[in-house]
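Next up, data-v2.cif (mmCIF, C-alpha atoms):
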data_query
loop_
_atom_site.label_atom_id
_atom_site.label_comp_id
_atom_site.auth_asym_id
_atom_site.auth_seq_id
_atom_site.Cartn_x
_atom_site.Cartn_y
_atom_site.Cartn_z
CA MET A 14 -17.99 59.47 86.65
CA THR A 15 -20.82 59.90 84.19
CA LYS A 16 -23.62 57.67 82.98
CA ILE A 17 -23.26 55.97 79.60
CA LYS A 18 -26.14 56.68 77.23
CA GLY A 19 -28.17 53.94 75.63
CA PRO A 20 -29.25 51.59 74.38
CA ALA A 21 -28.65 52.53 70.74
CA ILE A 22 -28.32 50.48 67.58
CA PHE A 23 -26.12 50.73 64.46
CA LEU A 24 -28.45 50.54 61.46
CA ALA A 25 -25.95 49.30 58.86
CA GLN A 26 -26.73 45.61 59.37
CA PHE A 27 -30.50 46.15 59.21
CA SER A 28 -31.16 48.69 56.46
CA GLY A 29 -32.73 47.19 53.34
CA ASP A 30 -35.36 47.61 50.64
CA LYS A 31 -38.28 46.09 52.56
CA ALA A 32 -40.33 47.62 55.37
CA PRO A 33 -39.65 48.36 58.15
CA PHE A 34 -36.01 48.74 57.11
CA ASP A 35 -36.48 50.76 53.93
CA ASN A 36 -36.33 54.34 55.21
CA LEU A 37 -35.37 56.34 58.27
CA ASN A 38 -38.89 56.81 59.61
CA ASN A 39 -39.76 53.12 59.39
CA ILE A 40 -36.48 51.75 60.71
CA THR A 41 -36.41 54.10 63.70
CA ALA A 42 -40.01 53.16 64.54
CA TRP A 43 -38.89 49.53 64.52
CA ALA A 44 -35.87 50.31 66.70
CA LYS A 45 -38.01 52.27 69.14
CA SER A 46 -40.44 49.35 69.45
CA LEU A 47 -37.52 47.19 70.64
CA GLY A 48 -36.55 49.66 73.35
CA TYR A 49 -33.69 51.55 71.68
CA LYS A 50 -33.22 55.23 72.46
CA GLY A 51 -30.74 56.11 69.74
CA VAL A 52 -29.59 55.10 66.26
CA GLN A 53 -26.17 55.29 64.60
CA ILE A 54 -26.68 56.01 60.91
CA PRO A 55 -24.26 54.73 58.22
CA ALA A 56 -23.35 57.86 56.27
CA ASN A 57 -22.96 55.92 53.02
CA ASP A 58 -26.53 54.55 53.05
CA SER A 59 -28.53 56.76 50.69
CA SER A 60 -31.82 55.19 51.76
CA LEU A 61 -31.30 56.74 55.21
CA ILE A 62 -29.37 59.96 54.53
CA ASP A 63 -28.11 62.11 51.68
CA ILE A 64 -24.75 62.94 53.21
CA ASP A 65 -23.87 65.60 50.63
CA LEU A 66 -27.13 67.46 51.21
CA ALA A 67 -26.74 67.05 54.97
CA SER A 68 -23.34 68.72 54.75
CA ARG A 69 -24.91 71.79 53.12
CA SER A 70 -28.30 72.11 54.77
CA LYS A 71 -29.04 72.31 58.47
CA ALA A 72 -32.74 72.41 57.59
CA TYR A 73 -32.39 69.00 55.93
CA CYS A 74 -30.57 67.70 59.02
CA ASP A 75 -33.33 69.02 61.27
CA ASP A 76 -35.87 67.24 59.07
CA LEU A 77 -33.90 63.96 59.37
CA ILE A 78 -33.88 64.28 63.15
CA GLY A 79 -37.65 64.81 62.99
CA GLN A 80 -38.08 61.54 61.11
CA CYS A 81 -36.53 59.49 63.92
CA ASN A 82 -39.66 58.98 66.02
CA GLY A 83 -38.09 60.67 69.01
CA LEU A 84 -34.88 58.63 68.89
CA HIS A 85 -31.51 60.36 69.10
CA ILE A 86 -29.07 60.19 66.21
CA THR A 87 -25.99 59.13 68.15
CA GLU A 88 -23.40 59.44 65.37
CA LEU A 89 -23.00 59.26 61.61
CA ALA A 90 -20.77 56.26 60.90
CA SER A 91 -18.28 56.85 58.08
CA HIS A 92 -16.52 53.48 57.98
CA ILE A 93 -16.91 52.92 54.24
CA PHE A 94 -15.61 56.37 53.36
CA GLY A 95 -12.73 56.09 55.84
CA GLN A 96 -11.76 52.71 54.42
CA LEU A 97 -11.26 54.29 51.01
CA VAL A 98 -9.09 57.14 52.26
CA ALA A 99 -6.17 54.69 52.26
CA VAL A 100 -6.17 51.55 50.11
CA ASN A 101 -3.13 49.51 49.16
CA PRO A 102 -3.24 48.58 45.44
CA ALA A 103 -3.46 44.90 46.41
CA TYR A 104 -7.04 45.61 47.56
CA ASP A 105 -8.13 47.97 44.80
CA GLU A 106 -10.46 45.57 43.04
CA LEU A 107 -12.13 44.35 46.24
CA PHE A 108 -12.69 47.85 47.66
CA ASP A 109 -13.92 49.23 44.35
CA ALA A 110 -17.25 47.68 45.29
CA PHE A 111 -17.53 50.32 48.05
CA THR A 112 -17.52 53.29 45.70
CA GLU A 113 -19.57 54.67 42.84
CA PRO A 114 -19.42 52.76 39.52
CA LEU A 115 -17.80 55.65 37.63
CA LEU A 116 -14.85 55.65 40.05
CA ARG A 117 -14.05 51.96 39.83
CA GLY A 118 -10.64 51.27 38.39
CA LYS A 119 -9.59 54.83 39.21
CA PRO A 120 -7.91 54.61 42.63
CA GLN A 121 -6.66 58.21 42.77
CA GLU A 122 -10.09 59.62 41.94
CA ARG A 123 -11.69 57.20 44.42
CA GLN A 124 -9.33 58.40 47.16
CA LYS A 125 -10.17 62.08 46.56
CA TRP A 126 -13.87 61.15 46.54
CA ALA A 127 -13.47 59.38 49.89
CA VAL A 128 -11.71 62.38 51.47
CA GLN A 129 -14.49 64.70 50.30
CA LYS A 130 -17.14 62.30 51.63
CA MET A 131 -15.36 62.27 54.99
CA ILE A 132 -15.31 66.07 55.06
CA ASN A 133 -19.00 66.18 54.10
CA THR A 134 -19.81 63.75 56.91
CA ILE A 135 -17.93 65.98 59.36
CA LYS A 136 -19.98 68.98 58.19
CA ALA A 137 -23.21 66.98 58.41
CA SER A 138 -22.30 65.89 61.94
CA ALA A 139 -21.74 69.52 62.93
CA ASN A 140 -25.09 70.48 61.40
CA MET A 141 -26.74 67.85 63.61
CA GLY A 142 -24.90 68.90 66.75
CA LEU A 143 -22.87 65.67 66.80
CA ARG A 144 -19.30 65.81 68.06
CA VAL A 145 -18.02 62.30 67.28
CA LEU A 146 -17.59 60.60 63.91
CA PRO A 147 -16.82 56.83 63.87
CA SER A 148 -14.67 55.61 61.00
CA PHE A 149 -12.02 53.22 59.70
CA SER A 150 -8.45 54.30 59.05
CA GLY A 151 -8.00 52.39 55.83
CA ALA A 152 -4.80 50.44 55.28
CA LEU A 153 -1.58 50.86 53.39
CA MET A 154 0.24 48.14 55.35
CA TRP A 155 -2.25 45.46 56.35
CA HIS A 156 -0.72 42.94 53.96
CA LEU A 157 2.53 43.42 55.94
CA PHE A 158 1.13 42.76 59.43
CA TYR A 159 3.15 39.52 59.73
CA PRO A 160 6.89 40.27 59.42
CA TRP A 161 7.65 37.70 56.75
CA PRO A 162 9.25 38.31 54.39
CA GLN A 163 11.32 40.70 56.43
CA ARG A 164 10.14 44.29 56.15
CA PRO A 165 12.75 46.80 54.92
CA GLU A 166 13.92 49.15 57.67
CA GLY A 167 11.84 52.31 57.70
CA LEU A 168 8.88 50.80 55.82
CA VAL A 169 6.46 50.89 58.74
CA GLU A 170 7.52 54.37 59.81
CA GLN A 171 6.99 55.68 56.29
CA GLY A 172 3.68 53.85 56.13
CA PHE A 173 2.30 55.74 59.11
CA LYS A 174 3.67 59.04 57.80
CA SER A 175 1.91 58.40 54.49
CA LEU A 176 -1.31 57.38 56.22
CA ALA A 177 -1.24 60.55 58.34
CA LEU A 178 -0.68 62.64 55.21
CA LEU A 179 -3.72 61.10 53.50
CA TRP A 180 -5.84 61.87 56.56
CA LYS A 181 -4.53 65.42 57.08
CA PRO A 182 -7.29 67.27 55.14
CA VAL A 183 -9.93 65.26 57.00
CA LEU A 184 -8.38 65.93 60.39
CA ASP A 185 -8.03 69.62 59.55
CA ALA A 186 -11.75 69.73 58.77
CA ALA A 187 -12.51 67.82 61.97
CA GLN A 188 -10.60 70.43 63.93
CA GLU A 189 -12.37 73.29 62.15
CA PHE A 190 -15.84 71.90 62.89
CA GLY A 191 -15.13 70.50 66.35
CA VAL A 192 -15.73 66.84 65.52
CA ASP A 193 -13.61 63.96 66.88
CA ILE A 194 -12.74 61.13 64.49
CA ALA A 195 -13.24 57.88 66.42
CA TYR A 196 -11.24 55.24 64.55
CA GLU A 197 -12.55 51.73 65.07
CA ILE A 198 -9.51 49.67 66.06
CA HIS A 199 -10.12 46.78 63.71
CA PRO A 200 -8.24 43.99 61.87
CA GLY A 201 -7.82 44.87 58.23
CA GLU A 202 -7.05 48.49 59.13
CA ASP A 203 -3.65 49.99 59.78
CA LEU A 204 -5.09 51.00 63.17
CA HIS A 205 -5.78 47.51 64.50
CA ASP A 206 -4.37 47.58 68.05
CA GLY A 207 -2.99 49.99 70.64
CA ILE A 208 0.53 50.18 69.23
CA SER A 209 -0.66 50.92 65.69
CA PHE A 210 -3.01 53.59 67.06
CA GLU A 211 -0.12 55.19 68.95
CA ARG A 212 2.07 55.18 65.84
CA PHE A 213 -0.61 56.89 63.79
CA LEU A 214 -1.29 59.40 66.56
CA GLU A 215 2.41 60.26 66.68
CA ALA A 216 2.57 60.58 62.88
CA THR A 217 -0.27 63.13 63.00
CA GLY A 218 1.60 65.21 65.59
CA ASN A 219 -0.67 63.94 68.38
CA HIS A 220 -3.66 65.47 66.65
CA PRO A 221 -6.46 66.12 69.20
CA ARG A 222 -9.12 64.83 66.81
CA VAL A 223 -7.54 61.38 66.50
CA ASN A 224 -9.57 59.19 68.84
CA ILE A 225 -10.97 55.68 69.24
CA LEU A 226 -14.16 53.70 68.70
CA TYR A 227 -13.95 50.88 71.24
CA ASP A 228 -15.29 47.47 70.21
CA PRO A 229 -14.11 44.61 72.45
CA SER A 230 -15.07 41.91 69.96
CA HIS A 231 -12.08 42.76 67.77
CA TYR A 232 -9.75 42.43 70.75
CA ILE A 233 -11.12 39.00 71.70
CA LEU A 234 -10.25 37.80 68.20
CA GLN A 235 -6.68 39.16 68.58
CA CYS A 236 -6.22 37.77 72.11
CA LEU A 237 -5.67 41.37 73.26
CA ASP A 238 -6.53 42.45 76.82
CA TYR A 239 -9.70 44.40 76.06
CA LEU A 240 -10.14 45.59 79.67
CA GLN A 241 -6.60 46.91 80.08
CA PHE A 242 -7.09 48.69 76.75
CA ILE A 243 -9.66 50.92 78.49
CA ASP A 244 -7.21 51.64 81.30
CA ILE A 245 -4.58 52.74 78.77
CA TYR A 246 -6.68 54.63 76.23
CA GLY A 247 -9.78 55.65 78.17
CA ASP A 248 -9.28 59.36 77.53
CA ARG A 249 -9.22 58.72 73.76
CA ILE A 250 -12.31 56.47 73.63
CA LYS A 251 -15.11 58.57 72.15
CA ALA A 252 -17.46 55.92 70.69
CA PHE A 253 -18.49 52.40 71.71
CA HIS A 254 -19.81 49.46 69.71
CA VAL A 255 -21.34 46.81 71.95
CA LYS A 256 -20.51 43.58 70.13
CA ASP A 257 -19.69 40.11 71.43
CA ALA A 258 -17.23 37.50 70.17
CA GLU A 259 -15.62 34.22 71.11
CA PHE A 260 -12.20 32.71 70.49
CA ASN A 261 -11.91 28.91 70.72
CA PRO A 262 -8.57 27.74 69.30
CA THR A 263 -8.07 24.11 68.38
CA GLY A 264 -5.20 21.93 67.27
CA ARG A 265 -6.10 22.84 63.71
CA GLN A 266 -6.57 26.62 63.77
CA GLY A 267 -6.02 29.75 65.84
CA VAL A 268 -6.03 33.52 65.31
CA TYR A 269 -5.45 33.39 61.55
CA GLY A 270 -8.36 31.05 60.90
CA GLY A 271 -7.01 29.02 57.99
CA TYR A 272 -9.13 31.00 55.49
CA SER A 273 -12.26 29.45 56.99
CA SER A 274 -15.73 31.01 56.78
CA TRP A 275 -16.93 32.99 59.79
CA GLN A 276 -18.94 30.10 61.20
CA ASP A 277 -15.94 27.77 61.04
CA ARG A 278 -13.30 30.10 62.47
CA ALA A 279 -11.77 29.79 65.94
CA GLY A 280 -12.60 33.47 66.42
CA ARG A 281 -16.09 34.56 65.47
CA PHE A 282 -18.63 37.26 66.29
CA ARG A 283 -21.66 36.42 68.41
CA SER A 284 -24.83 38.15 69.57
CA LEU A 285 -24.70 39.92 72.91
CA GLY A 286 -24.35 37.53 75.82
CA ASP A 287 -23.49 34.55 73.61
CA GLY A 288 -19.75 35.22 73.45
CA GLN A 289 -16.86 35.71 75.86
CA VAL A 290 -16.76 39.48 76.42
CA ASP A 291 -17.19 40.41 80.09
CA PHE A 292 -19.53 43.33 79.53
CA ASN A 293 -20.02 43.93 83.25
CA GLN A 294 -16.34 44.84 83.46
CA VAL A 295 -16.39 46.72 80.14
CA PHE A 296 -19.22 49.00 81.28
CA THR A 297 -17.62 49.39 84.71
CA LYS A 298 -14.28 50.46 83.28
CA LEU A 299 -15.81 52.79 80.70
CA THR A 300 -17.90 54.40 83.42
CA GLU A 301 -14.81 54.82 85.60
CA ALA A 302 -12.95 56.29 82.63
CA GLY A 303 -15.62 58.97 82.24
CA PHE A 304 -17.06 57.74 78.93
CA GLU A 305 -20.35 59.58 78.56
CA SER A 306 -21.46 58.87 75.01
CA TRP A 307 -23.61 56.08 73.57
CA ALA A 308 -23.49 52.31 73.93
CA VAL A 309 -24.39 51.23 70.39
CA LEU A 310 -25.29 47.66 69.48
CA GLU A 311 -23.47 46.46 66.39
CA TRP A 312 -25.15 43.18 65.58
CA GLU A 313 -22.93 40.61 63.91
CA CYS A 314 -23.41 36.92 64.57
CA CYS A 315 -22.70 33.90 62.41
CA ILE A 316 -25.39 31.81 64.14
CA LYS A 317 -28.28 33.88 65.50
CA ASP A 318 -30.69 35.81 63.24
CA SER A 319 -30.43 39.58 63.21
CA ALA A 320 -34.04 40.11 64.33
CA GLN A 321 -33.46 38.03 67.45
CA GLY A 322 -30.11 39.69 68.11
CA ALA A 323 -31.63 43.16 67.84
CA ALA A 324 -34.60 42.25 70.03
CA GLU A 325 -32.34 40.88 72.76
CA GLY A 326 -29.75 43.62 72.46
CA ALA A 327 -31.70 46.58 73.86
CA ALA A 328 -32.50 44.91 77.17
CA PHE A 329 -28.96 43.53 77.42
CA ILE A 330 -27.36 46.96 77.03
CA GLU A 331 -29.92 48.54 79.38
CA SER A 332 -28.98 46.00 82.04
CA MET A 333 -25.29 46.93 81.77
CA ILE A 334 -25.60 50.72 82.05
CA ILE A 335 -24.42 51.93 85.44
CA ASP A 336 -25.91 54.77 87.46
CA PRO A 337 -22.73 56.26 89.01
CA ALA A 338 -22.80 56.40 92.78
CA LEU A 339 -23.86 59.75 94.22
CA ARG A 340 -22.36 59.02 97.63
CA ALA A 341 -19.90 56.61 99.22
CA PHE A 342 -21.39 53.35 100.45
CA ASP A 343 -19.99 53.89 103.96
CA ASP A 344 -21.19 57.48 104.39
CA PHE A 345 -23.58 56.27 107.07
CA ALA A 346 -20.59 55.60 109.34
CA GLY A 347 -18.87 58.93 108.72
CA THR A 348 -18.44 61.56 111.42
CA ALA A 349 -17.72 65.26 111.30
CA VAL A 350 -14.12 65.86 112.30
CA ASP A 351 -12.38 69.23 112.59
CA GLN A 352 -8.66 69.93 112.19
CA GLU A 353 -8.00 69.87 115.93
CA ALA A 354 -9.60 66.43 116.17
CA ILE A 355 -7.53 65.18 113.23
CA GLN A 356 -4.30 66.26 114.93
CA LYS A 357 -5.44 64.56 118.13
CA ILE A 358 -6.20 61.29 116.29
CA LEU A 359 -2.71 61.38 114.78
CA GLY A 360 -1.15 62.09 118.16
CA VAL A 361 0.70 65.19 116.97
CA ASP A 362 0.62 68.81 118.02
CA GLN A 363 -1.04 71.26 115.71
#

Step by step, read the file and then write its structure as structure tokens.
Amino acid sequence: MTKIKGPAIFLAQFSGDKAPFDNLNNITAWAKSLGYKGVQIPANDSSLIDIDLASRSKAYCDDLIGQCNGLHITELASHIFGQLVAVNPAYDELFDAFTEPLLRGKPQERQKWAVQKMINTIKASANMGLRVLPSFSGALMWHLFYPWPQRPEGLVEQGFKSLALLWKPVLDAAQEFGVDIAYEIHPGEDLHDGISFERFLEATGNHPRVNILYDPSHYILQCLDYLQFIDIYGDRIKAFHVKDAEFNPTGRQGVYGGYSSWQDRAGRFRSLGDGQVDFNQVFTKLTEAGFESWAVLEWECCIKDSAQGAAEGAAFIESMIIDPALRAFDDFAGTAVDQEAIQKILGVDQ
């Protein structure tokens, strides 16, 4: 067993145009003042990182690390780029907002742009000595997640083959540079639960760089056993978002939410400690599974302000991190026994 690193914080929900959130030096000073030891940087946020330059220049990456006030860069998060690797045409207009203005209305060019951004983020990660890259899988089939109308036979199988093909150049680059892609298992993505992850993994030929970002909040909202998930996929979990959620179904709504706003849904995200995730068990199981990377706060809450959530989050994560036992609790009662004594205790001849 190894000790989980942390606390760290994902900067995507905090970055902005006003101090202290307006540049890497200021925002990491703020994070450090709250007790965080690491930051996860959104690769698409140009106010924090020039991902194209970072892919080409190790000197630039070293300079970025030097701007972090002594905090570790835990990972570069590539969720926005990964989302655009695979987009069903039904979502073209909505996801166009995630790309550059000149690419809007040009889905094929946008897709090639996203693949190149993913590859650049892999190279930037390697330049920083990072070995894990969180991302989204994108989705060709999300609009089909409920099997009505009936899906034609072979549709899902072809969907995963097509998804794997779109990701192949990215995974090839990940293999070349020694970086694991940690897909966040997330509603809205084709990789949204264990079975869909397994199908994608199989479609890629069990590619060694296909791995998981674990975030229990998304499993609470699906009524999925988020603790057993660690038992099943622990060896593939390479990144960890510490985020809370609650699911309170009523006679009027359940998992699907009736198109309600976040605050009015049966399932909604909460600040750490305010939801239903048993983080004591989550940290225990991840420690047992040998997870040794960072516990990263992803703040999302429909009630509590982000400043309060961030301030509370560092101490919360710190309190959950386990120092693995260096000796058995009953060592004090142990005795030295040789082979002859063992045979005698068993009542058998040597």

Mind telling me what the PyMOL selection byres ((chain A and resi 60) around 8) catches here, as a count of residues only? 8

To one decimal place, how far is atom CA of Glu202 of chain A from atom CA of Ser150 of chain A in Å?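 One can read the atom CA of Glu202 of chain A to atom CA of Ser150 of chain A distance as 6.0 Å.
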
Residues in the PyMOL selection byres ((chain A and resi 51) around 12), expressed as a PyMOL selection string: chain A and resi 18-24+40-50+52-54+78+81-89+306-310+327

Mind checking which residues fall within 12 Å of segment 245-250 of chain A, counting all atoms listed in the file, ignoring those fewer than 5 positions away in the same chain, and posting them as a VMD selection string? chain A and resid 145 to 147 193 to 198 206 to 208 210 to 211 214 219 to 228 238 to 240 295 to 308

Please, which residues in segment 116-175 of chain A fall within 9 Å of segment 91-96 of chain A when counting all atoms listed in the file, and what is the closest atom pair and distance in Å to one decimal for each, ordered by chain then residue number, as JSON lines?
{"residue": "A:Trp126", "atom": "CA", "partner": "A:Phe94", "partner_atom": "CA", "distance": 8.5}
{"residue": "A:Ala127", "atom": "CA", "partner": "A:Phe94", "partner_atom": "CA", "distance": 5.1}
{"residue": "A:Val128", "atom": "CA", "partner": "A:Phe94", "partner_atom": "CA", "distance": 7.4}
{"residue": "A:Gln129", "atom": "CA", "partner": "A:Phe94", "partner_atom": "CA", "distance": 8.9}
{"residue": "A:Lys130", "atom": "CA", "partner": "A:Phe94", "partner_atom": "CA", "distance": 6.4}
{"residue": "A:Met131", "atom": "CA", "partner": "A:Phe94", "partner_atom": "CA", "distance": 6.1}
{"residue": "A:Thr134", "atom": "CA", "partner": "A:Ser91", "partner_atom": "CA", "distance": 7.2}
{"residue": "A:Leu146", "atom": "CA", "partner": "A:Ser91", "partner_atom": "CA", "distance": 7.0}
{"residue": "A:Pro147", "atom": "CA", "partner": "A:Ser91", "partner_atom": "CA", "distance": 6.0}
{"residue": "A:Ser148", "atom": "CA", "partner": "A:His92", "partner_atom": "CA", "distance": 4.1}
{"residue": "A:Phe149", "atom": "CA", "partner": "A:His92", "partner_atom": "CA", "distance": 4.8}
{"residue": "A:Ser150", "atom": "CA", "partner": "A:Gly95", "partner_atom": "CA", "distance": 5.6}
{"residue": "A:Gly151", "atom": "CA", "partner": "A:Gln96", "partner_atom": "CA", "distance": 4.0}
{"residue": "A:Ala152", "atom": "CA", "partner": "A:Gln96", "partner_atom": "CA", "distance": 7.4}

Would you mind exporting C-alpha atoms of the selected residues as a PDB file, keeping the file's coordinate frame?
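The file below, part22.pdb, is the result:
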ATOM      1  CA  TRP A 126     -13.870  61.150  46.540  1.00  0.00           C
ATOM      2  CA  ALA A 127     -13.470  59.380  49.890  1.00  0.00           C
ATOM      3  CA  VAL A 128     -11.710  62.380  51.470  1.00  0.00           C
ATOM      4  CA  GLN A 129     -14.490  64.700  50.300  1.00  0.00           C
ATOM      5  CA  LYS A 130     -17.140  62.300  51.630  1.00  0.00           C
ATOM      6  CA  MET A 131     -15.360  62.270  54.990  1.00  0.00           C
ATOM      7  CA  THR A 134     -19.810  63.750  56.910  1.00  0.00           C
ATOM      8  CA  LEU A 146     -17.590  60.600  63.910  1.00  0.00           C
ATOM      9  CA  PRO A 147     -16.820  56.830  63.870  1.00  0.00           C
ATOM     10  CA  SER A 148     -14.670  55.610  61.000  1.00  0.00           C
ATOM     11  CA  PHE A 149     -12.020  53.220  59.700  1.00  0.00           C
ATOM     12  CA  SER A 150      -8.450  54.300  59.050  1.00  0.00           C
ATOM     13  CA  GLY A 151      -8.000  52.390  55.830  1.00  0.00           C
ATOM     14  CA  ALA A 152      -4.800  50.440  55.280  1.00  0.00           C
TER      15      ALA A 152
END

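Distance-wise, atom CA of Lys251 of chain A and atom CA of Leu66 of chain A end up 25.7 Å apart.
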
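Straight-line separation from atom CA of Asp203 of chain A to atom CA of Phe173 of chain A: 8.3 Å.
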
Selection dump of the PyMOL selection byres ((chain A and resi 230) around 12), as a PyMOL selection string: chain A and resi 197-200+226-229+231-240+253-260+280-292+295+310-314

Please return the centre and edge lengths, in Å to one decimal, of a box with edges along x, y and z that contains all listed atoms of segment 222-238 of chain A, widened by 8 Å on every side, as lines of an AutoDock Vina configuration file.
center_x = -10.5
center_y = 51.3
center_z = 71.7
size_x = 25.6
size_y = 43.1
size_z = 26.3

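Of the listed residues (A:Lys136, A:Leu97, A:Glu122, A:Met141), A:Leu97 comes nearest to Trp180 of chain A; the distances count all atoms listed in the file.
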
Residue nearest Ala90 of chain A among A:Val350, A:Ile355, A:Ala252, A:Leu339 (counting all atoms listed in the file):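 Nearest to Ala90 of chain A: A:Ala252.
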